[in-house]
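Q: After the structure tokens below, expect a handful of questions from me.
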Amino acid sequence: MAAARRRSPVSTIIEDDLHFALAEWLTKYARIKGSWWHTPNTSSSIQYAMKLKKMGRKPGVFDFQFMRYPNFSAFIELKLHPNNLSDDQEIFCAELIRMGVPYTVIRTRSPEATISQAQTFLREHGFIAA
């Protein structure tokens, strides 16, 4: 009988895992005041990327947008620690600052820390109850 392969106790987290975890928490558990969505900003095919560009895709737009009445928006960008913002994201960030729109960049290596930091940000800006 062959010995079972032992899995490494350290799992490999990729940035998508952080997105999935936050989206699941927002969908199942958060009681968001308003609306939210995730903005995909990359494509696996050049043809689809060109199509998105023709439809007005804006490079650098942060991952999650939140809106609530009256006329209030906020953004969350997720980064797998220690990754930094891209040049396009830096430009988008400067636009948010210029317009006075709240945002946060969450840099973590765990879904739990991502959710915790998002909760704090959303609570501070009135998107979830205190």
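A note on labels: chains of the structure tokens are A, B, ... as shown, every chain counts residues from 1, and ligands are counted from 1 in their shown order.
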Find the spatial neighbours of region 14-28 of chain A, counting only C-alpha atoms, within a cut-off of 12 Å - ignore same-chain residues fewer than 2 positions away - and output them as a ChimeraX atom specification.
A: /A:11-12,30-40,62-66,76-83,106-119,122,127-128
Q: Just write the chosen residues, N, CA and C atoms, as a CSV table (one decimal), in the first residue's frame.
A:
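Now in out_27.csv:
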```csv
chain,number,residue,atom,x,y,z
A,11,SER,N,-0.8,26.8,2.6
A,11,SER,CA,-1.5,26.8,1.4
A,11,SER,C,-1.1,28.0,0.6
A,12,THR,N,-1.2,27.9,-0.7
A,12,THR,CA,-0.8,29.0,-1.6
A,12,THR,C,-2.0,29.9,-1.9
A,30,ALA,N,-22.7,40.3,4.9
A,30,ALA,CA,-22.8,41.7,5.1
A,30,ALA,C,-24.2,42.3,4.8
A,31,ARG,N,-24.6,43.2,5.5
A,31,ARG,CA,-25.9,43.9,5.3
A,31,ARG,C,-25.5,45.3,4.7
A,32,ILE,N,-25.2,45.3,3.4
A,32,ILE,CA,-24.7,46.5,2.8
A,32,ILE,C,-25.9,47.5,2.7
A,33,LYS,N,-25.7,48.7,3.0
A,33,LYS,CA,-26.6,49.8,2.8
A,33,LYS,C,-26.3,50.3,1.4
A,34,GLY,N,-27.1,50.0,0.5
A,34,GLY,CA,-26.8,50.4,-0.9
A,34,GLY,C,-26.5,49.2,-1.8
A,35,SER,N,-25.6,49.3,-2.7
A,35,SER,CA,-25.3,48.3,-3.7
A,35,SER,C,-23.7,48.2,-3.8
A,36,TRP,N,-23.3,47.1,-4.3
A,36,TRP,CA,-21.9,46.9,-4.5
A,36,TRP,C,-21.7,46.0,-5.7
A,37,TRP,N,-20.5,46.0,-6.3
A,37,TRP,CA,-20.2,45.1,-7.4
A,37,TRP,C,-18.7,45.0,-7.5
A,38,HIS,N,-18.2,44.0,-8.2
A,38,HIS,CA,-16.8,43.7,-8.5
A,38,HIS,C,-16.6,44.1,-10.0
A,39,THR,N,-15.6,44.8,-10.3
A,39,THR,CA,-15.3,45.2,-11.7
A,39,THR,C,-14.1,44.5,-12.2
A,40,PRO,N,-14.4,43.5,-13.1
A,40,PRO,CA,-13.2,42.7,-13.7
A,40,PRO,C,-12.5,43.7,-14.6
A,62,PHE,N,-10.6,50.3,-9.4
A,62,PHE,CA,-10.4,49.4,-8.3
A,62,PHE,C,-11.4,48.2,-8.3
A,63,ASP,N,-11.1,47.2,-7.6
A,63,ASP,CA,-11.8,45.9,-7.7
A,63,ASP,C,-13.3,46.0,-7.3
A,64,PHE,N,-13.6,46.6,-6.2
A,64,PHE,CA,-15.0,46.7,-5.7
A,64,PHE,C,-15.5,48.1,-5.5
A,65,GLN,N,-16.7,48.3,-6.0
A,65,GLN,CA,-17.3,49.7,-5.8
A,65,GLN,C,-18.6,49.5,-5.0
A,66,PHE,N,-18.8,50.5,-4.2
A,66,PHE,CA,-20.0,50.5,-3.3
A,66,PHE,C,-20.7,51.8,-3.5
A,76,ILE,N,-12.8,49.7,-3.0
A,76,ILE,CA,-11.8,48.8,-2.3
A,76,ILE,C,-11.0,48.2,-3.4
A,77,GLU,N,-9.7,48.2,-3.3
A,77,GLU,CA,-8.8,47.5,-4.1
A,77,GLU,C,-8.1,46.4,-3.2
A,78,LEU,N,-8.0,45.2,-3.7
A,78,LEU,CA,-7.4,44.1,-3.0
A,78,LEU,C,-6.0,43.8,-3.7
A,79,LYS,N,-5.0,43.7,-2.8
A,79,LYS,CA,-3.7,43.3,-3.3
A,79,LYS,C,-3.2,42.2,-2.4
A,80,LEU,N,-2.6,41.2,-3.0
A,80,LEU,CA,-1.9,40.1,-2.3
A,80,LEU,C,-0.6,40.8,-1.7
A,81,HIS,N,-0.5,40.8,-0.4
A,81,HIS,CA,0.7,41.4,0.2
A,81,HIS,C,2.0,40.8,-0.3
A,82,PRO,N,3.0,41.4,-0.8
A,82,PRO,CA,3.3,42.9,-0.7
A,82,PRO,C,3.1,43.6,-2.0
A,83,ASN,N,2.2,43.1,-2.9
A,83,ASN,CA,2.1,43.8,-4.2
A,83,ASN,C,1.6,45.2,-4.1
A,106,ILE,N,-6.4,47.3,0.4
A,106,ILE,CA,-6.2,46.2,1.4
A,106,ILE,C,-5.1,45.3,0.9
A,107,ARG,N,-4.0,45.2,1.6
A,107,ARG,CA,-2.9,44.3,1.3
A,107,ARG,C,-2.8,43.3,2.4
A,108,THR,N,-3.2,42.0,2.0
A,108,THR,CA,-3.1,41.0,3.0
A,108,THR,C,-2.7,39.7,2.3
A,109,ARG,N,-2.5,38.7,3.1
A,109,ARG,CA,-2.2,37.3,2.6
A,109,ARG,C,-3.3,36.3,3.0
A,110,SER,N,-4.3,36.8,3.7
A,110,SER,CA,-5.4,35.9,4.1
A,110,SER,C,-6.8,36.5,3.9
A,111,PRO,N,-7.7,35.6,3.5
A,111,PRO,CA,-9.1,36.0,3.3
A,111,PRO,C,-9.7,36.6,4.6
A,112,GLU,N,-9.4,36.1,5.7
A,112,GLU,CA,-9.9,36.6,7.0
A,112,GLU,C,-9.5,38.0,7.2
A,113,ALA,N,-8.2,38.3,7.0
A,113,ALA,CA,-7.7,39.7,7.2
A,113,ALA,C,-8.3,40.6,6.2
A,114,THR,N,-8.5,40.1,5.0
A,114,THR,CA,-9.2,41.0,3.9
A,114,THR,C,-10.6,41.4,4.4
A,115,ILE,N,-11.4,40.4,4.8
A,115,ILE,CA,-12.7,40.6,5.3
A,115,ILE,C,-12.7,41.6,6.5
A,116,SER,N,-11.9,41.4,7.4
A,116,SER,CA,-11.8,42.2,8.6
A,116,SER,C,-11.5,43.7,8.2
A,117,GLN,N,-10.5,43.9,7.4
A,117,GLN,CA,-10.2,45.3,7.0
A,117,GLN,C,-11.3,45.9,6.1
A,118,ALA,N,-12.0,45.1,5.3
A,118,ALA,CA,-13.1,45.6,4.5
A,118,ALA,C,-14.2,46.0,5.4
A,119,GLN,N,-14.5,45.2,6.4
A,119,GLN,CA,-15.6,45.5,7.4
A,119,GLN,C,-15.3,46.8,8.1
A,122,LEU,N,-15.9,49.7,5.5
A,122,LEU,CA,-17.3,49.9,5.1
A,122,LEU,C,-18.1,50.4,6.3
A,127,PHE,N,-21.5,52.0,5.2
A,127,PHE,CA,-22.1,51.0,4.3
A,127,PHE,C,-22.6,49.8,5.0
A,128,ILE,N,-22.1,49.6,6.3
A,128,ILE,CA,-22.7,48.6,7.1
A,128,ILE,C,-22.9,49.2,8.5
```
Q: Applying 10 Å and only C-alpha atoms, which residues near Gln89 (chain A) remain after dropping the ones on its own chain fewer than 2 positions away? List them as an MDAnalysis selection string.
A: chainID A and resid 58:62 77 84:87 91:95
Q: Please list as a list in words every residue within 10 Å of Phe72 (chain A), counting only C-alpha atoms and excluding residues in the same chain fewer than 3 positions away.
A: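 Residues near the query, excluding close chain neighbours: Gly34, Phe66, Met67, Arg68, Tyr69, Val101, Pro102, His125, Gly126 and Phe127 of chain A.
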Q: In chain A, what's strand (DSSP E) per DSSP? Answer as a list in words?
A: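 Going through chain A, the strand (DSSP E) residues come out as Ser35, Trp36, Trp37, His38, Phe64, Gln65, Phe66, Met67, Arg68, Phe72, Ser73, Ala74, Phe75, Ile76, Glu77, Leu78, Lys79, Leu80, Tyr103, Thr104, Val105, Ile106, Arg107 and Thr108 of chain A.
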Q: If I take CA of Gly100 (chain A) and CA of Leu52 (chain A), how far is one from the other in Å, to one decimal?
A: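 Result for CA of Gly100 (chain A) versus CA of Leu52 (chain A): 27.3 Å, one decimal.
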Q: One number please: CA of Leu96 (chain A) to CA of Ser73 (chain A), in Å, one decimal.
A: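 We find that CA of Leu96 (chain A) and CA of Ser73 (chain A) lie 10.0 Å from each other.
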Q: DSSP on the backbone: which residues in region 2-109 of chain A end up as helix (DSSP H, G or I)? Give the answer as a count of residues only.
A: 36
